[in-house]
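Have a look at the structure below, then the notes.
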Amino acid sequence: MMVPLHIVATLRGAIADRSKRLMLDSLLMAAVATRDGLDPLPPSHRGPSEIDIPIARSECGRIYLCSQGMSADDMHALRWKNKRFPIAEAQQFGNAKLKRINITGGPCRSYRIPLDTVHLQEDQIEWWAVGDMAAVEALLVGWVGYLGHRRAVGLGRVIHWHVEECAGWGDGFPVARDGQPLRSLPADWPSLAGDEMAMRCLLPPYWRRAEEELCAVPTWA
Amino acid sequence: MSLYRRIRYEFVLECFTPVAHAAGTTGNHSYLMTTKVRGPNGWEDCPIVSADTMRHKLREASSMALLDAAGMLGAGSLTEAALRLLFNGGMITGSDGGAVKLDAYRELVEIVPALGLFGGCAQNRIVPGRLNVDDALLICSETERYCQPWQIAEARRVGELDTYSAHVEEAQRVRMDAMLIPAMRKLLTDGEQVRVVGRLTAGEKASVSGDAVEKEKEKSAMLPRTFERLARGSLLAWGVEAVVQSDLDEDVFNVAVCAFLGHAVVGGKSGTGHGQLRVVAANKIAMAAPSREHESIDALALGVKCGDIFRKHVEERKDRIKSFFADVAA
């Protein structure tokens, strides 16, 4: 049964700054893909994903009824991604042809790339949605342990998921509040007061830059 | 019911020897890697062993286990690309640059299943791994709320939680200049002895006369330096989880964890006895169940029990693995 939902993820520490506005629908699709062992979509993929998730679609069918992740920054911290060619192992296991390694250029080049991370207020991100509470909770708790970029090295670690039924706020729930969009919405979406517009996708996967369209977006986007 | 399982191990690790995991240096002083933590008195920079280090060490340990099982340790038969793939996860070499093809990547995952867990690069795209690793966070009063209750209870068995600064000590070491030792100077050739003694005399004269430029020019190569380190006996909270697809996958995950923790050395100065970690306690958690049931495990016994499926799998494909690593481009 589709009901209004309030979802809160409590993090253990920082999350990559660029990942704090994650879309709930894409997160749930990733959870389903992980659960079912689906291959990642190829870069040449066109069109929205066909993965079935327990979130209601809008009447027009153009969007899922869920918000972007909402949070407030508390403290930023810079960290680094380092890569060094395994020189000690090369000396030990390298074959006769391996005589010279160039670590200042080419495929063996060492690098150190900065990454902005952010600690969120209360360490929390929240979403609003209309969906099947039990199914959403099972997917999030069972299959989503980390959020966003660089999660393989501990960023965005979720220590608690809280999914509850809520009353909603009436007009616009859960994608707009007081006329302000809480996610990318079609430009002709009714009762919008904001004038922020940008090129975005309306359905996951959201990285399809070639298929973006003009959308009403939240002021933080 | 999904065929996939999400498994998480959580540990309390003890610094069996001091850990010098540095973030950088200022002058002759190196300082510890830290992370911002919202403590009871505001933001603090608490020491960690970074997740990047822990994940790399897992990858390294699992690659060593593979080479061992395939009889390739010390064989001297790996190419530069194979080394990069095993110890760095490969790299994107461009769609027409002789890269790993997607079908080759699938073959690779079949014959070297650890790379399916850790991820790698195929053709001109990144194939994500299924292994997520946390920072190993110092257990102290500032980080109490970020550790599991059982990890805190384990730490309290040793004593009350202290502040992070109580765990950080500063050590000083000196690289001696052999030229300052008369017995060593006698080993020099005659000409070198004259040159070195002349330099030392010039340095002493410059020191007496207060000639800073000359003193700098003739200074000895003795290098005193200081560094921060986590004190012996400090406890770290660490977690690692993976999505596994089969019993083989789970076994590979266990082999990686056990091979690493069986002889875990992290950070710098390992040549002088730094960085050894040992497991104090461990828990296995089946994450697909919302109740997050904990199953206490004996991490050292885990090392004995696991690995049979992995070793059998590698043994059966030994020749294919060798020929794959001879040709792979990554």
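In the structure tokens, chains take the letters A, B, ... in the order shown, each chain's residues start at 1, and ligands count up from 1 in the order shown.
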Practice problem: Output as a PyMOL selection string all residues of range 62-309 of chain B that backbone DSSP marks as strand (DSSP E). | Solution: chain B and resi 120-122+125-127+131-133+136-138+168-175+223-230+235-244+264-265+276-286+294-297
Practice problem: May I have the residues of chain A within 9 Å of chain B, counting only C-alpha atoms, written as a PyMOL selection string? | Solution: chain A and resi 12-14+34-37+40+42-43+75-77+79+81-86+89-98+101+107-108+119+137-139+141-143+145-146+151-155+157+159
Quiz item: Nearest to Leu85 in chain B: which of B:Val49, B:Glu110, B:Lys57, B:Cys121 is it, counting only C-alpha atoms?
Solution: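 For Leu85 in chain B, the nearest of the given residues is B:Cys121.
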Self-check item: 12 Å contact set for Gly131 in chain A, only C-alpha atoms, chain neighbours under 4 positions out, as an MDAnalysis selection string
Solution: chainID A and resid 1:7 24:25 28 53:58 64:67 127 135:137 163:166 174
Exercise. Give the helix (DSSP H, G or I) residues of range 29-267 of chain B, as assigned by DSSP on the backbone, as a PyMOL selection string.
Key: chain B and resi 51-69+80-88+102-111+114-118+144-146+149-158+164-167+178-180+182-185+190-209+212-217+247-262
Practice problem: Compare A:Arg21, A:Arg183, A:Arg208, A:Arg150 by their minimum atom-to-atom distance to Glu196 in chain A, counting only C-alpha atoms, and give me the closest one. | Solution: A:Arg183
So that I can check the surroundings of Ala202 in chain B, please list as a short mmCIF file (atom, residue, chain, number, x, y, z; two decimals) with all heavy atoms, in the first residue's frame every protein, DNA and RNA residue that reaches within 10 Å of it, counting only C-alpha atoms and ignoring chain neighbours fewer than 5 positions away.
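See out_4.cif below for the written result:
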data_model
loop_
_atom_site.label_atom_id
_atom_site.label_comp_id
_atom_site.auth_asym_id
_atom_site.auth_seq_id
_atom_site.Cartn_x
_atom_site.Cartn_y
_atom_site.Cartn_z
N VAL B 196 86.70 14.84 4.70
CA VAL B 196 85.67 14.84 5.74
C VAL B 196 86.14 15.60 6.98
O VAL B 196 85.41 16.42 7.55
CB VAL B 196 85.28 13.38 6.11
CG1 VAL B 196 84.43 13.36 7.36
CG2 VAL B 196 84.52 12.76 4.95
N VAL B 197 87.37 15.34 7.40
CA VAL B 197 87.89 16.04 8.58
C VAL B 197 87.96 17.54 8.31
O VAL B 197 87.61 18.37 9.16
CB VAL B 197 89.29 15.48 8.98
CG1 VAL B 197 89.93 16.36 10.05
CG2 VAL B 197 89.14 14.05 9.48
N SER B 207 80.82 27.57 13.45
CA SER B 207 79.96 27.60 14.62
C SER B 207 80.51 28.55 15.68
O SER B 207 79.76 29.32 16.29
CB SER B 207 79.83 26.18 15.18
OG SER B 207 78.91 26.15 16.23
N VAL B 208 81.83 28.48 15.87
CA VAL B 208 82.47 29.34 16.88
C VAL B 208 82.38 30.80 16.47
O VAL B 208 82.07 31.68 17.28
CB VAL B 208 83.95 28.91 17.07
CG1 VAL B 208 84.69 29.94 17.93
CG2 VAL B 208 84.02 27.54 17.71
N GLU B 214 78.25 29.73 6.41
CA GLU B 214 79.28 28.68 6.33
C GLU B 214 78.87 27.43 7.13
O GLU B 214 79.08 26.31 6.71
CB GLU B 214 80.61 29.26 6.86
CG GLU B 214 81.83 28.43 6.52
CD GLU B 214 82.10 28.34 5.03
OE1 GLU B 214 81.62 29.20 4.23
OE2 GLU B 214 82.76 27.38 4.63
N LYS B 215 78.22 27.70 8.28
CA LYS B 215 77.78 26.59 9.15
C LYS B 215 76.75 25.72 8.41
O LYS B 215 76.78 24.50 8.46
CB LYS B 215 77.17 27.17 10.42
CG LYS B 215 76.88 26.15 11.50
CD LYS B 215 76.30 26.85 12.72
CE LYS B 215 75.71 25.83 13.68
NZ LYS B 215 74.96 26.48 14.76
N LYS B 217 76.49 25.42 5.23
CA LYS B 217 77.15 24.73 4.11
C LYS B 217 77.86 23.46 4.58
O LYS B 217 77.91 22.46 3.87
CB LYS B 217 78.16 25.70 3.48
CG LYS B 217 78.38 25.44 1.99
CD LYS B 217 79.08 26.61 1.33
CE LYS B 217 80.58 26.51 1.53
NZ LYS B 217 81.31 27.64 0.92
N GLU B 218 78.40 23.51 5.79
CA GLU B 218 79.22 22.40 6.25
C GLU B 218 78.50 21.52 7.29
O GLU B 218 79.13 20.75 7.98
CB GLU B 218 80.52 22.94 6.88
CG GLU B 218 81.34 23.82 5.97
CD GLU B 218 81.87 23.07 4.77
OE1 GLU B 218 81.81 21.83 4.77
OE2 GLU B 218 82.35 23.72 3.82
N LYS B 219 77.19 21.68 7.43
CA LYS B 219 76.51 20.96 8.50
C LYS B 219 76.52 19.45 8.25
O LYS B 219 76.62 19.00 7.10
CB LYS B 219 75.08 21.45 8.66
CG LYS B 219 74.12 21.02 7.58
CD LYS B 219 72.72 21.47 7.92
CE LYS B 219 71.74 20.94 6.91
NZ LYS B 219 70.38 21.38 7.18
#
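Look at range 220-224 of chain B: the protein and nucleic acid residues within 9 Å of it, using only C-alpha atoms and passing over chain neighbours fewer than 5 places away, are Asn28, Gln172, Arg173, Val174, Arg175, Met176, Asp177, Ala178, Met179, Leu180, Arg199, Leu200 and Gly203 of chain B.
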Could those residues be written to a file, using C-alpha atoms, as a compact mmCIF listing (two decimals), in the first residue's frame?
# COMPACT_ATOMS: atom_id res chain seq x y z
CA ASN B 28 61.01 17.43 10.37
CA GLN B 172 61.93 11.32 18.17
CA ARG B 173 64.47 9.46 16.11
CA VAL B 174 67.82 10.54 14.70
CA ARG B 175 69.54 9.41 11.55
CA MET B 176 73.16 9.29 12.63
CA ASP B 177 75.90 10.79 10.49
CA ALA B 178 78.54 8.08 10.33
CA MET B 179 81.15 10.72 9.56
CA LEU B 180 80.87 11.99 13.15
CA ARG B 199 84.59 19.71 6.42
CA LEU B 200 84.04 18.99 10.11
CA GLY B 203 81.85 23.53 10.40
